[in-house]
$ cat start33.cif   # mmCIF, C-alpha atoms
data_entry
loop_
_atom_site.label_atom_id
_atom_site.label_comp_id
_atom_site.auth_asym_id
_atom_site.auth_seq_id
_atom_site.Cartn_x
_atom_site.Cartn_y
_atom_site.Cartn_z
CA MET A 1 -59.12 -42.95 -25.94
CA PHE A 2 -58.63 -43.30 -22.19
CA ASN A 3 -55.59 -44.28 -20.17
CA ILE A 4 -54.81 -45.90 -16.85
CA VAL A 5 -51.66 -44.38 -15.32
CA HIS A 6 -49.96 -45.22 -12.03
CA ARG A 7 -46.69 -44.28 -10.32
CA ILE A 8 -44.92 -46.48 -7.77
CA GLY A 9 -41.46 -46.38 -6.19
CA ILE A 10 -39.42 -49.50 -5.53
CA GLN A 11 -36.45 -49.57 -3.13
CA ALA A 12 -33.99 -51.10 -5.61
CA PRO A 13 -31.90 -49.99 -8.58
CA ALA A 14 -33.54 -50.08 -12.02
CA SER A 15 -31.22 -52.95 -12.91
CA ARG A 16 -33.14 -55.10 -10.39
CA VAL A 17 -36.62 -53.88 -11.36
CA TYR A 18 -36.11 -54.36 -15.09
CA PRO A 19 -35.81 -58.20 -15.02
CA ALA A 20 -39.17 -58.40 -13.22
CA LEU A 21 -40.71 -56.69 -16.27
CA SER A 22 -38.66 -58.18 -19.07
CA THR A 23 -38.31 -61.90 -18.29
CA ILE A 24 -40.90 -64.66 -18.20
CA GLU A 25 -39.74 -65.70 -14.73
CA GLY A 26 -39.90 -62.12 -13.46
CA LEU A 27 -43.42 -61.52 -14.81
CA ALA A 28 -44.61 -64.84 -13.36
CA GLY A 29 -43.45 -63.61 -9.97
CA TRP A 30 -45.89 -60.73 -9.67
CA TRP A 31 -48.64 -60.80 -12.34
CA THR A 32 -49.66 -64.36 -13.06
CA ARG A 33 -47.77 -67.59 -12.40
CA ASP A 34 -48.90 -68.97 -15.76
CA THR A 35 -46.73 -66.75 -17.97
CA THR A 36 -45.28 -68.33 -21.10
CA GLY A 37 -43.81 -67.32 -24.44
CA GLN A 38 -40.82 -65.22 -25.37
CA SER A 39 -39.98 -61.80 -24.01
CA LYS A 40 -38.27 -60.53 -27.15
CA VAL A 41 -39.26 -57.62 -29.38
CA GLY A 42 -41.66 -58.93 -32.04
CA GLU A 43 -42.44 -62.10 -30.09
CA SER A 44 -45.40 -62.74 -27.82
CA ILE A 45 -46.02 -63.45 -24.16
CA ALA A 46 -49.15 -65.30 -22.98
CA PHE A 47 -50.50 -64.37 -19.55
CA THR A 48 -53.10 -66.88 -18.37
CA PHE A 49 -55.09 -66.27 -15.21
CA ARG A 50 -56.35 -69.32 -13.33
CA THR A 51 -58.19 -70.23 -10.17
CA LYS A 52 -56.18 -72.01 -7.47
CA ALA A 53 -57.72 -75.23 -8.78
CA GLY A 54 -56.31 -74.48 -12.24
CA ALA A 55 -59.45 -73.43 -14.17
CA GLU A 56 -58.74 -70.72 -16.74
CA LEU A 57 -60.26 -67.35 -15.92
CA GLY A 58 -58.83 -65.36 -18.79
CA ARG A 59 -55.82 -64.91 -20.99
CA PHE A 60 -53.98 -62.02 -22.60
CA ASP A 61 -51.49 -62.36 -25.45
CA MET A 62 -49.08 -59.48 -25.67
CA GLU A 63 -46.77 -58.57 -28.50
CA VAL A 64 -43.51 -57.20 -27.15
CA LEU A 65 -42.99 -53.76 -28.73
CA GLU A 66 -40.01 -52.47 -26.77
CA LEU A 67 -37.39 -53.77 -24.36
CA SER A 68 -34.91 -51.08 -23.33
CA PRO A 69 -32.76 -52.46 -20.50
CA GLY A 70 -33.16 -50.52 -17.28
CA ASP A 71 -35.44 -48.04 -18.99
CA ARG A 72 -38.68 -49.21 -20.58
CA VAL A 73 -40.88 -52.19 -21.49
CA ARG A 74 -43.88 -51.89 -23.81
CA TRP A 75 -46.43 -54.41 -25.06
CA ARG A 76 -49.50 -54.39 -27.32
CA VAL A 77 -52.46 -56.61 -26.52
CA LYS A 78 -52.95 -58.99 -29.44
CA SER A 79 -55.77 -61.07 -28.00
CA GLY A 80 -57.81 -61.27 -24.84
CA PRO A 81 -60.98 -59.53 -23.62
CA ALA A 82 -62.43 -57.36 -26.39
CA ASP A 83 -61.80 -54.10 -24.56
CA TRP A 84 -58.11 -54.95 -24.10
CA VAL A 85 -57.32 -55.80 -27.72
CA GLY A 86 -55.22 -53.07 -29.33
CA THR A 87 -54.43 -51.32 -26.06
CA GLU A 88 -50.83 -50.80 -24.96
CA VAL A 89 -49.17 -51.52 -21.63
CA SER A 90 -45.91 -49.82 -20.68
CA PHE A 91 -43.50 -49.51 -17.79
CA ALA A 92 -40.95 -46.67 -17.75
CA LEU A 93 -38.20 -46.68 -15.11
CA ALA A 94 -36.29 -43.78 -13.54
CA GLU A 95 -34.04 -43.75 -10.50
CA GLN A 96 -34.86 -40.99 -8.00
CA ASP A 97 -34.08 -40.51 -4.30
CA GLY A 98 -32.51 -43.94 -3.98
CA MET A 99 -35.47 -45.80 -5.46
CA THR A 100 -36.72 -46.77 -8.90
CA ILE A 101 -39.87 -44.97 -9.98
CA VAL A 102 -42.08 -47.06 -12.26
CA LEU A 103 -44.42 -45.05 -14.47
CA PHE A 104 -47.06 -47.51 -15.54
CA GLY A 105 -49.48 -46.94 -18.41
CA HIS A 106 -52.29 -48.97 -19.93
CA ARG A 107 -53.36 -46.79 -22.82
CA GLY A 108 -55.92 -46.80 -25.57
CA TRP A 109 -59.13 -47.82 -23.79
CA ARG A 110 -62.18 -47.00 -25.90
CA GLU A 111 -64.53 -46.66 -22.90
CA GLN A 112 -63.97 -45.38 -19.40
CA GLY A 113 -66.50 -47.71 -17.79
CA GLU A 114 -66.58 -50.26 -15.01
CA SER A 115 -64.21 -52.64 -16.77
CA MET A 116 -61.51 -49.99 -16.99
CA SER A 117 -62.21 -48.97 -13.39
CA HIS A 118 -61.76 -52.59 -12.29
CA CYS A 119 -58.52 -52.91 -14.24
CA SER A 120 -57.15 -49.63 -12.88
CA MET A 121 -57.64 -50.86 -9.30
CA LYS A 122 -56.30 -54.29 -10.17
CA TRP A 123 -53.16 -52.92 -11.85
CA ALA A 124 -52.47 -50.92 -8.67
CA VAL A 125 -52.68 -54.12 -6.63
CA PHE A 126 -50.36 -55.92 -9.07
CA LEU A 127 -47.86 -53.03 -8.92
CA LEU A 128 -47.76 -53.52 -5.12
CA SER A 129 -47.09 -57.19 -5.92
CA LEU A 130 -44.25 -56.15 -8.27
CA ARG A 131 -42.78 -54.04 -5.48
CA ASP A 132 -42.99 -56.92 -3.02
CA LEU A 133 -41.29 -59.24 -5.51
CA VAL A 134 -38.35 -56.88 -5.99
CA GLU A 135 -38.04 -55.63 -2.41
CA LYS A 136 -38.94 -58.80 -0.47
CA GLY A 137 -38.35 -61.59 -2.96
CA ALA A 138 -42.00 -62.66 -3.33
CA GLY A 139 -45.03 -61.05 -4.94
CA GLN A 140 -48.67 -62.09 -5.02
CA PRO A 141 -49.21 -63.23 -8.62
CA CYS A 142 -52.48 -64.82 -9.71
CA PRO A 143 -53.90 -67.13 -8.30
CA ASP A 144 -52.55 -65.69 -5.03
CA ASP A 145 -53.40 -62.12 -6.00
CA VAL A 146 -55.32 -59.74 -3.74
CA LYS A 147 -58.95 -59.90 -4.85
CA ILE A 148 -60.59 -56.52 -5.29
CA ASP A 149 -64.24 -57.04 -6.21
CA ASN A 150 -66.81 -59.50 -7.57
CA TRP A 151 -64.99 -59.74 -10.90
CA ASN A 152 -61.79 -61.09 -9.42
CA MET B 1 -59.83 -33.47 -19.15
CA PHE B 2 -58.58 -36.74 -17.67
CA ASN B 3 -60.08 -38.97 -15.02
CA ILE B 4 -58.92 -41.48 -12.42
CA VAL B 5 -61.45 -44.31 -12.04
CA HIS B 6 -61.32 -47.33 -9.75
CA ARG B 7 -63.70 -50.14 -8.77
CA ILE B 8 -63.54 -52.00 -5.45
CA GLY B 9 -65.90 -54.42 -3.70
CA ILE B 10 -66.49 -54.35 0.04
CA GLN B 11 -68.04 -57.25 1.94
CA ALA B 12 -70.74 -55.20 3.65
CA PRO B 13 -74.09 -53.64 2.78
CA ALA B 14 -74.08 -50.15 1.28
CA SER B 15 -75.61 -48.89 4.52
CA ARG B 16 -72.31 -49.71 6.26
CA VAL B 17 -70.07 -48.33 3.51
CA TYR B 18 -71.90 -45.03 3.17
CA PRO B 19 -71.03 -43.66 6.66
CA ALA B 20 -67.33 -44.18 5.91
CA LEU B 21 -67.75 -41.76 3.00
CA SER B 22 -70.26 -39.32 4.40
CA THR B 23 -69.20 -38.63 8.00
CA ILE B 24 -66.11 -36.87 9.37
CA GLU B 25 -65.39 -39.81 11.66
CA GLY B 26 -65.72 -42.28 8.80
CA LEU B 27 -63.43 -40.34 6.46
CA ALA B 28 -60.84 -39.96 9.24
CA GLY B 29 -60.79 -43.73 9.52
CA TRP B 30 -59.37 -44.42 6.07
CA TRP B 31 -58.10 -41.28 4.31
CA THR B 32 -56.49 -38.94 6.81
CA ARG B 33 -56.94 -38.79 10.59
CA ASP B 34 -56.95 -34.98 10.45
CA THR B 35 -60.37 -34.57 8.83
CA THR B 36 -62.46 -31.64 10.01
CA GLY B 37 -65.41 -29.54 8.86
CA GLN B 38 -68.98 -30.42 8.04
CA SER B 39 -70.14 -33.20 5.75
CA LYS B 40 -73.27 -31.44 4.54
CA VAL B 41 -74.16 -30.36 1.02
CA GLY B 42 -72.82 -26.85 0.46
CA GLU B 43 -70.43 -27.06 3.41
CA SER B 44 -66.74 -27.95 3.34
CA ILE B 45 -64.50 -30.67 4.66
CA ALA B 46 -60.77 -30.07 5.27
CA PHE B 47 -58.45 -33.05 4.79
CA THR B 48 -54.99 -32.34 6.21
CA PHE B 49 -52.13 -34.76 5.67
CA ARG B 50 -49.40 -34.81 8.30
CA THR B 51 -46.23 -36.68 9.18
CA LYS B 52 -46.35 -38.90 12.26
CA ALA B 53 -44.63 -36.03 14.10
CA GLY B 54 -47.50 -33.73 13.12
CA ALA B 55 -45.90 -31.58 10.39
CA GLU B 56 -48.35 -30.59 7.65
CA LEU B 57 -47.65 -32.21 4.28
CA GLY B 58 -50.67 -30.93 2.40
CA ARG B 59 -54.32 -30.03 2.69
CA PHE B 60 -57.39 -30.32 0.49
CA ASP B 61 -60.61 -28.41 1.11
CA MET B 62 -63.61 -30.06 -0.48
CA GLU B 63 -67.05 -28.59 -1.04
CA VAL B 64 -69.69 -31.26 -0.55
CA LEU B 65 -71.79 -31.39 -3.73
CA GLU B 66 -73.92 -34.47 -3.12
CA LEU B 67 -74.80 -36.81 -0.27
CA SER B 68 -77.30 -39.48 -1.33
CA PRO B 69 -77.58 -42.01 1.51
CA GLY B 70 -76.47 -45.48 0.49
CA ASP B 71 -75.92 -44.32 -3.06
CA ARG B 72 -73.44 -41.54 -3.80
CA VAL B 73 -71.07 -38.94 -2.35
CA ARG B 74 -69.54 -36.18 -4.45
CA TRP B 75 -67.10 -33.35 -3.64
CA ARG B 76 -65.40 -30.52 -5.52
CA VAL B 77 -61.86 -29.49 -4.60
CA LYS B 78 -61.98 -25.84 -3.48
CA SER B 79 -58.34 -25.46 -2.47
CA GLY B 80 -55.20 -27.55 -2.32
CA PRO B 81 -52.47 -28.40 -4.83
CA ALA B 82 -52.99 -26.42 -8.05
CA ASP B 83 -53.71 -29.50 -10.16
CA TRP B 84 -56.46 -30.62 -7.77
CA VAL B 85 -58.40 -27.34 -7.63
CA GLY B 86 -61.66 -27.63 -9.56
CA THR B 87 -61.48 -31.40 -9.91
CA GLU B 88 -64.31 -33.59 -8.59
CA VAL B 89 -64.15 -36.70 -6.41
CA SER B 90 -67.06 -39.14 -6.30
CA PHE B 91 -68.04 -42.47 -4.82
CA ALA B 92 -71.04 -44.37 -6.24
CA LEU B 93 -72.31 -47.45 -4.41
CA ALA B 94 -74.14 -50.51 -5.76
CA GLU B 95 -74.85 -53.82 -4.05
CA GLN B 96 -73.89 -56.87 -6.16
CA ASP B 97 -73.17 -60.50 -5.28
CA GLY B 98 -73.39 -59.88 -1.56
CA MET B 99 -70.94 -57.01 -1.54
CA THR B 100 -71.01 -53.26 -2.12
CA ILE B 101 -69.24 -52.13 -5.27
CA VAL B 102 -67.69 -48.68 -4.95
CA LEU B 103 -67.14 -46.87 -8.22
CA PHE B 104 -64.61 -44.20 -7.46
CA GLY B 105 -63.87 -41.23 -9.70
CA HIS B 106 -61.51 -38.29 -9.49
CA ARG B 107 -62.39 -36.32 -12.58
CA GLY B 108 -61.31 -33.18 -14.36
CA TRP B 109 -57.52 -33.41 -14.33
CA ARG B 110 -55.99 -31.01 -16.86
CA GLU B 111 -52.84 -33.09 -17.35
CA GLN B 112 -52.22 -36.80 -17.34
CA GLY B 113 -48.71 -36.58 -15.94
CA GLU B 114 -46.74 -37.97 -13.03
CA SER B 115 -48.82 -36.16 -10.43
CA MET B 116 -52.03 -37.80 -11.68
CA SER B 117 -50.20 -41.16 -11.91
CA HIS B 118 -49.10 -40.82 -8.29
CA CYS B 119 -52.61 -39.91 -7.17
CA SER B 120 -54.19 -42.80 -9.11
CA MET B 121 -51.94 -45.29 -7.32
CA LYS B 122 -52.45 -43.54 -3.99
CA TRP B 123 -56.25 -43.53 -4.33
CA ALA B 124 -56.11 -47.29 -4.96
CA VAL B 125 -54.16 -47.75 -1.72
CA PHE B 126 -56.65 -45.58 0.17
CA LEU B 127 -59.58 -47.57 -1.27
CA LEU B 128 -57.97 -50.72 0.18
CA SER B 129 -57.81 -48.77 3.46
CA LEU B 130 -61.54 -47.94 3.11
CA ARG B 131 -62.26 -51.63 2.60
CA ASP B 132 -60.23 -52.57 5.68
CA LEU B 133 -62.05 -49.97 7.76
CA VAL B 134 -65.48 -51.32 6.80
CA GLU B 135 -64.61 -55.03 6.75
CA LYS B 136 -62.13 -55.22 9.66
CA GLY B 137 -62.86 -52.10 11.71
CA ALA B 138 -59.57 -50.32 11.03
CA GLY B 139 -58.08 -48.68 7.94
CA GLN B 140 -54.66 -47.14 7.32
CA PRO B 141 -55.37 -43.40 7.16
CA CYS B 142 -52.54 -40.90 6.93
CA PRO B 143 -50.05 -40.77 8.70
CA ASP B 144 -50.28 -44.59 8.86
CA ASP B 145 -50.98 -44.92 5.13
CA VAL B 146 -49.08 -47.28 2.84
CA LYS B 147 -46.35 -45.20 1.18
CA ILE B 148 -46.09 -45.70 -2.57
CA ASP B 149 -43.17 -43.63 -3.88
CA ASN B 150 -40.81 -40.73 -3.15
CA TRP B 151 -43.68 -38.26 -3.04
CA ASN B 152 -45.45 -39.91 -0.16
#
$ encode --input "start33.cif" --output "structure tokens"
Amino acid sequence: MFNIVHRIGIQAPASRVYPALSTIEGLAGWWTRDTTGQSKVGESIAFTFRTKAGAELGRFDMEVLELSPGDRVRWRVKSGPADWVGTEVSFALAEQDGMTIVLFGHRGWREQGESMSHCSMKWAVFLLSLRDLVEKGAGQPCPDDVKIDNWN
Amino acid sequence: MFNIVHRIGIQAPASRVYPALSTIEGLAGWWTRDTTGQSKVGESIAFTFRTKAGAELGRFDMEVLELSPGDRVRWRVKSGPADWVGTEVSFALAEQDGMTIVLFGHRGWREQGESMSHCSMKWAVFLLSLRDLVEKGAGQPCPDDVKIDNWN
């Protein structure tokens, strides 16, 4: 199994970062605007990615595994692209030096190929979007996300 | 062993991306301005990271393992932070859909901890800098790099 791991610091207390990871409105502010479902342990969240014209590009359904206020959020991919199904996404928070450090993980990839490489780069771009949402009040969620290659 | 892998597309032919990866001037335009040495197979390149005031923050010495014009660049870390020594950094180029896809790898990490997580995020930011250099004529090399956390 292979893992994507990233570390980013956000100039805000964990109590302000956590809602961006644990509420539908927060997630829609930095990952994809079309975020629906229930952010409760055992429930599911649907993340749908669309073009600016509204055409569906892809969709991930995540089961919420853990919601620890100010500390950690963890999901399991229930459906979506074949190489995502069964993988786990997590965000762990820690306050250091006046900022909140987010340790991001997307774990359980079966192949370390171009798809994972694309997703690693794309997660980094979305984590910058998360930071902008918390620090500046607006992120760049899909369809306004920063495009990184010919797959997005 | 653990690997960082990223994929980014640059709107330019591989013949314009390759010099940014294979010449001292090119590397100084997106990674760190203080890049010295010789970009020849078997020789070494020194990448020194400094504050804007000029204080040294860190330095990596890379042995050039491969220089395949328009195709691939590969280095091995000879000296630097302990967890970087012995790891390999590579850039593989392929033209697709009117752009050049860069497959980036930093392979051979012995631990998948916070240091690797930091570097994964930081490499993503530097690959955006590489893209800006090639597409727009100017990147954000250190000390003008985008800061990502309390370690940089």
$ closest_residue --input "start33.cif" --among "A:Ala82, A:Met99, A:Leu65, A:Ala92" --to "chain B" --atoms "all atoms listed in the file"
A:Met99
$ resolve_selection --input "start33.cif" --expression "the PyMOL selection byres ((chain A) within 10 of (chain B))" --output "NGL selection string"
:A and (2-11 or 96-105 or 112-125 or 127-128 or 131 or 147-152)
$ closest_residue --input "start33.cif" --among "B:Leu27, B:Tyr18, B:Asp34, B:Ser79" --to "Ala55 (chain B)" --atoms "all atoms listed in the file"
B:Asp34
$ closest_residue --input "start33.cif" --among "A:Asp61, A:Asp132, A:Asp83, A:Glu111" --to "Ala12 (chain A)" --atoms "all atoms listed in the file"
A:Asp132
$ atom_distance --input "start33.cif" --atom1 "CA of Trp30 (chain B)" --atom2 "CA of Gly139 (chain B)"
4.8 Å
$ atom_distance --input "start33.cif" --atom1 "CA of Glu88 (chain A)" --atom2 "CA of Glu135 (chain A)"
26.4 Å
$ atom_distance --input "start33.cif" --atom1 "CA of Ala28 (chain B)" --atom2 "CA of Val134 (chain B)"
12.5 Å
$ calpha_fit_and_write --input "start33.cif" --fixed "chain A" --moving "chain B" --output "mmCIF file with C-alpha atoms, keeping the file's coordinate frame"
data_model
loop_
_atom_site.group_PDB
_atom_site.id
_atom_site.type_symbol
_atom_site.label_atom_id
_atom_site.label_comp_id
_atom_site.auth_asym_id
_atom_site.auth_seq_id
_atom_site.Cartn_x
_atom_site.Cartn_y
_atom_site.Cartn_z
ATOM 1 C CA MET B 1 -59.110 -42.926 -25.947
ATOM 2 C CA PHE B 2 -58.637 -43.283 -22.193
ATOM 3 C CA ASN B 3 -55.602 -44.282 -20.183
ATOM 4 C CA ILE B 4 -54.805 -45.891 -16.839
ATOM 5 C CA VAL B 5 -51.650 -44.377 -15.321
ATOM 6 C CA HIS B 6 -49.945 -45.218 -12.039
ATOM 7 C CA ARG B 7 -46.677 -44.279 -10.321
ATOM 8 C CA ILE B 8 -44.904 -46.486 -7.772
ATOM 9 C CA GLY B 9 -41.446 -46.378 -6.186
ATOM 10 C CA ILE B 10 -39.406 -49.499 -5.524
ATOM 11 C CA GLN B 11 -36.447 -49.565 -3.144
ATOM 12 C CA ALA B 12 -33.996 -51.092 -5.609
ATOM 13 C CA PRO B 13 -31.912 -49.988 -8.584
ATOM 14 C CA ALA B 14 -33.545 -50.062 -12.013
ATOM 15 C CA SER B 15 -31.243 -52.947 -12.908
ATOM 16 C CA ARG B 16 -33.136 -55.089 -10.374
ATOM 17 C CA VAL B 17 -36.606 -53.879 -11.361
ATOM 18 C CA TYR B 18 -36.115 -54.361 -15.087
ATOM 19 C CA PRO B 19 -35.813 -58.198 -15.018
ATOM 20 C CA ALA B 20 -39.170 -58.400 -13.224
ATOM 21 C CA LEU B 21 -40.709 -56.698 -16.263
ATOM 22 C CA SER B 22 -38.662 -58.163 -19.070
ATOM 23 C CA THR B 23 -38.284 -61.881 -18.300
ATOM 24 C CA ILE B 24 -40.890 -64.660 -18.200
ATOM 25 C CA GLU B 25 -39.718 -65.702 -14.744
ATOM 26 C CA GLY B 26 -39.908 -62.135 -13.466
ATOM 27 C CA LEU B 27 -43.413 -61.519 -14.815
ATOM 28 C CA ALA B 28 -44.606 -64.838 -13.353
ATOM 29 C CA GLY B 29 -43.450 -63.606 -9.971
ATOM 30 C CA TRP B 30 -45.908 -60.731 -9.674
ATOM 31 C CA TRP B 31 -48.637 -60.802 -12.342
ATOM 32 C CA THR B 32 -49.663 -64.371 -13.069
ATOM 33 C CA ARG B 33 -47.751 -67.599 -12.407
ATOM 34 C CA ASP B 34 -48.895 -68.980 -15.772
ATOM 35 C CA THR B 35 -46.731 -66.747 -17.967
ATOM 36 C CA THR B 36 -45.279 -68.335 -21.084
ATOM 37 C CA GLY B 37 -43.812 -67.314 -24.437
ATOM 38 C CA GLN B 38 -40.816 -65.226 -25.361
ATOM 39 C CA SER B 39 -39.965 -61.795 -24.010
ATOM 40 C CA LYS B 40 -38.269 -60.537 -27.156
ATOM 41 C CA VAL B 41 -39.270 -57.637 -29.379
ATOM 42 C CA GLY B 42 -41.668 -58.921 -32.030
ATOM 43 C CA GLU B 43 -42.448 -62.098 -30.092
ATOM 44 C CA SER B 44 -45.408 -62.745 -27.804
ATOM 45 C CA ILE B 45 -46.014 -63.465 -24.161
ATOM 46 C CA ALA B 46 -49.154 -65.305 -22.980
ATOM 47 C CA PHE B 47 -50.500 -64.374 -19.543
ATOM 48 C CA THR B 48 -53.103 -66.888 -18.360
ATOM 49 C CA PHE B 49 -55.101 -66.281 -15.203
ATOM 50 C CA ARG B 50 -56.354 -69.340 -13.347
ATOM 51 C CA THR B 51 -58.190 -70.279 -10.173
ATOM 52 C CA LYS B 52 -56.171 -72.054 -7.489
ATOM 53 C CA ALA B 53 -57.719 -75.288 -8.803
ATOM 54 C CA GLY B 54 -56.307 -74.518 -12.253
ATOM 55 C CA ALA B 55 -59.438 -73.446 -14.172
ATOM 56 C CA GLU B 56 -58.743 -70.743 -16.761
ATOM 57 C CA LEU B 57 -60.279 -67.363 -15.930
ATOM 58 C CA GLY B 58 -58.818 -65.362 -18.786
ATOM 59 C CA ARG B 59 -55.805 -64.923 -21.009
ATOM 60 C CA PHE B 60 -53.982 -62.007 -22.598
ATOM 61 C CA ASP B 61 -51.493 -62.378 -25.439
ATOM 62 C CA MET B 62 -49.088 -59.477 -25.655
ATOM 63 C CA GLU B 63 -46.772 -58.582 -28.509
ATOM 64 C CA VAL B 64 -43.522 -57.195 -27.147
ATOM 65 C CA LEU B 65 -42.989 -53.766 -28.727
ATOM 66 C CA GLU B 66 -40.012 -52.469 -26.765
ATOM 67 C CA LEU B 67 -37.399 -53.777 -24.351
ATOM 68 C CA SER B 68 -34.912 -51.079 -23.332
ATOM 69 C CA PRO B 69 -32.766 -52.476 -20.506
ATOM 70 C CA GLY B 70 -33.150 -50.533 -17.283
ATOM 71 C CA ASP B 71 -35.430 -48.052 -18.986
ATOM 72 C CA ARG B 72 -38.677 -49.218 -20.575
ATOM 73 C CA VAL B 73 -40.870 -52.192 -21.485
ATOM 74 C CA ARG B 74 -43.854 -51.890 -23.802
ATOM 75 C CA TRP B 75 -46.439 -54.417 -25.050
ATOM 76 C CA ARG B 76 -49.499 -54.384 -27.301
ATOM 77 C CA VAL B 77 -52.470 -56.610 -26.493
ATOM 78 C CA LYS B 78 -52.951 -58.996 -29.438
ATOM 79 C CA SER B 79 -55.785 -61.073 -27.999
ATOM 80 C CA GLY B 80 -57.834 -61.280 -24.835
ATOM 81 C CA PRO B 81 -60.987 -59.538 -23.611
ATOM 82 C CA ALA B 82 -62.442 -57.362 -26.388
ATOM 83 C CA ASP B 83 -61.810 -54.096 -24.546
ATOM 84 C CA TRP B 84 -58.123 -54.949 -24.090
ATOM 85 C CA VAL B 85 -57.332 -55.811 -27.719
ATOM 86 C CA GLY B 86 -55.233 -53.076 -29.317
ATOM 87 C CA THR B 87 -54.451 -51.332 -26.045
ATOM 88 C CA GLU B 88 -50.831 -50.805 -24.965
ATOM 89 C CA VAL B 89 -49.172 -51.523 -21.621
ATOM 90 C CA SER B 90 -45.912 -49.818 -20.671
ATOM 91 C CA PHE B 91 -43.496 -49.511 -17.789
ATOM 92 C CA ALA B 92 -40.948 -46.659 -17.742
ATOM 93 C CA LEU B 93 -38.208 -46.673 -15.108
ATOM 94 C CA ALA B 94 -36.308 -43.760 -13.547
ATOM 95 C CA GLU B 95 -34.035 -43.739 -10.511
ATOM 96 C CA GLN B 96 -34.862 -40.968 -7.998
ATOM 97 C CA ASP B 97 -34.076 -40.507 -4.305
ATOM 98 C CA GLY B 98 -32.522 -43.935 -3.974
ATOM 99 C CA MET B 99 -35.454 -45.791 -5.457
ATOM 100 C CA THR B 100 -36.712 -46.747 -8.908
ATOM 101 C CA ILE B 101 -39.870 -44.954 -9.975
ATOM 102 C CA VAL B 102 -42.067 -47.043 -12.260
ATOM 103 C CA LEU B 103 -44.418 -45.064 -14.457
ATOM 104 C CA PHE B 104 -47.055 -47.509 -15.541
ATOM 105 C CA GLY B 105 -49.475 -46.942 -18.405
ATOM 106 C CA HIS B 106 -52.271 -48.965 -19.937
ATOM 107 C CA ARG B 107 -53.358 -46.795 -22.821
ATOM 108 C CA GLY B 108 -55.930 -46.794 -25.573
ATOM 109 C CA TRP B 109 -59.125 -47.818 -23.794
ATOM 110 C CA ARG B 110 -62.184 -46.999 -25.908
ATOM 111 C CA GLU B 111 -64.509 -46.654 -22.915
ATOM 112 C CA GLN B 112 -63.975 -45.374 -19.418
ATOM 113 C CA GLY B 113 -66.489 -47.690 -17.793
ATOM 114 C CA GLU B 114 -66.584 -50.245 -15.010
ATOM 115 C CA SER B 115 -64.230 -52.632 -16.778
ATOM 116 C CA MET B 116 -61.505 -49.971 -17.002
ATOM 117 C CA SER B 117 -62.216 -48.967 -13.371
ATOM 118 C CA HIS B 118 -61.763 -52.576 -12.275
ATOM 119 C CA CYS B 119 -58.529 -52.905 -14.234
ATOM 120 C CA SER B 120 -57.138 -49.616 -12.870
ATOM 121 C CA MET B 121 -57.624 -50.839 -9.301
ATOM 122 C CA LYS B 122 -56.306 -54.290 -10.177
ATOM 123 C CA TRP B 123 -53.169 -52.906 -11.849
ATOM 124 C CA ALA B 124 -52.470 -50.910 -8.674
ATOM 125 C CA VAL B 125 -52.679 -54.114 -6.625
ATOM 126 C CA PHE B 126 -50.369 -55.906 -9.062
ATOM 127 C CA LEU B 127 -47.864 -53.022 -8.913
ATOM 128 C CA LEU B 128 -47.748 -53.504 -5.122
ATOM 129 C CA SER B 129 -47.087 -57.182 -5.908
ATOM 130 C CA LEU B 130 -44.250 -56.134 -8.269
ATOM 131 C CA ARG B 131 -42.779 -54.023 -5.480
ATOM 132 C CA ASP B 132 -42.985 -56.921 -3.021
ATOM 133 C CA LEU B 133 -41.299 -59.241 -5.505
ATOM 134 C CA VAL B 134 -38.347 -56.885 -5.998
ATOM 135 C CA GLU B 135 -38.053 -55.624 -2.414
ATOM 136 C CA LYS B 136 -38.934 -58.800 -0.466
ATOM 137 C CA GLY B 137 -38.350 -61.613 -2.960
ATOM 138 C CA ALA B 138 -41.984 -62.668 -3.325
ATOM 139 C CA GLY B 139 -45.023 -61.049 -4.938
ATOM 140 C CA GLN B 140 -48.676 -62.099 -5.024
ATOM 141 C CA PRO B 141 -49.204 -63.234 -8.623
ATOM 142 C CA CYS B 142 -52.461 -64.835 -9.690
ATOM 143 C CA PRO B 143 -53.915 -67.146 -8.313
ATOM 144 C CA ASP B 144 -52.552 -65.709 -5.034
ATOM 145 C CA ASP B 145 -53.399 -62.123 -6.002
ATOM 146 C CA VAL B 146 -55.311 -59.738 -3.749
ATOM 147 C CA LYS B 147 -58.954 -59.896 -4.861
ATOM 148 C CA ILE B 148 -60.589 -56.501 -5.288
ATOM 149 C CA ASP B 149 -64.248 -57.015 -6.223
ATOM 150 C CA ASN B 150 -66.817 -59.477 -7.586
ATOM 151 C CA TRP B 151 -65.003 -59.725 -10.902
ATOM 152 C CA ASN B 152 -61.806 -61.077 -9.450
#
$ resolve_selection --input "start33.cif" --expression "the PyMOL selection byres ((chain A and resi 76) around 6)" --output "number ranges by chain"
A: 62-63, 75, 77, 87-88
$ write_last_selection --input "start33.cif" --atoms "C-alpha atoms" --output "mmCIF file, keeping the file's coordinate frame"
data_model
loop_
_atom_site.group_PDB
_atom_site.id
_atom_site.type_symbol
_atom_site.label_atom_id
_atom_site.label_comp_id
_atom_site.auth_asym_id
_atom_site.auth_seq_id
_atom_site.Cartn_x
_atom_site.Cartn_y
_atom_site.Cartn_z
ATOM 1 C CA MET A 62 -49.080 -59.480 -25.670
ATOM 2 C CA GLU A 63 -46.770 -58.570 -28.500
ATOM 3 C CA TRP A 75 -46.430 -54.410 -25.060
ATOM 4 C CA VAL A 77 -52.460 -56.610 -26.520
ATOM 5 C CA THR A 87 -54.430 -51.320 -26.060
ATOM 6 C CA GLU A 88 -50.830 -50.800 -24.960
#
$ closest_residue --input "start33.cif" --among "A:Leu93, A:Met1, A:Leu130, A:Val85" --to "Ala14 (chain A)" --atoms "only C-alpha atoms"
A:Leu93
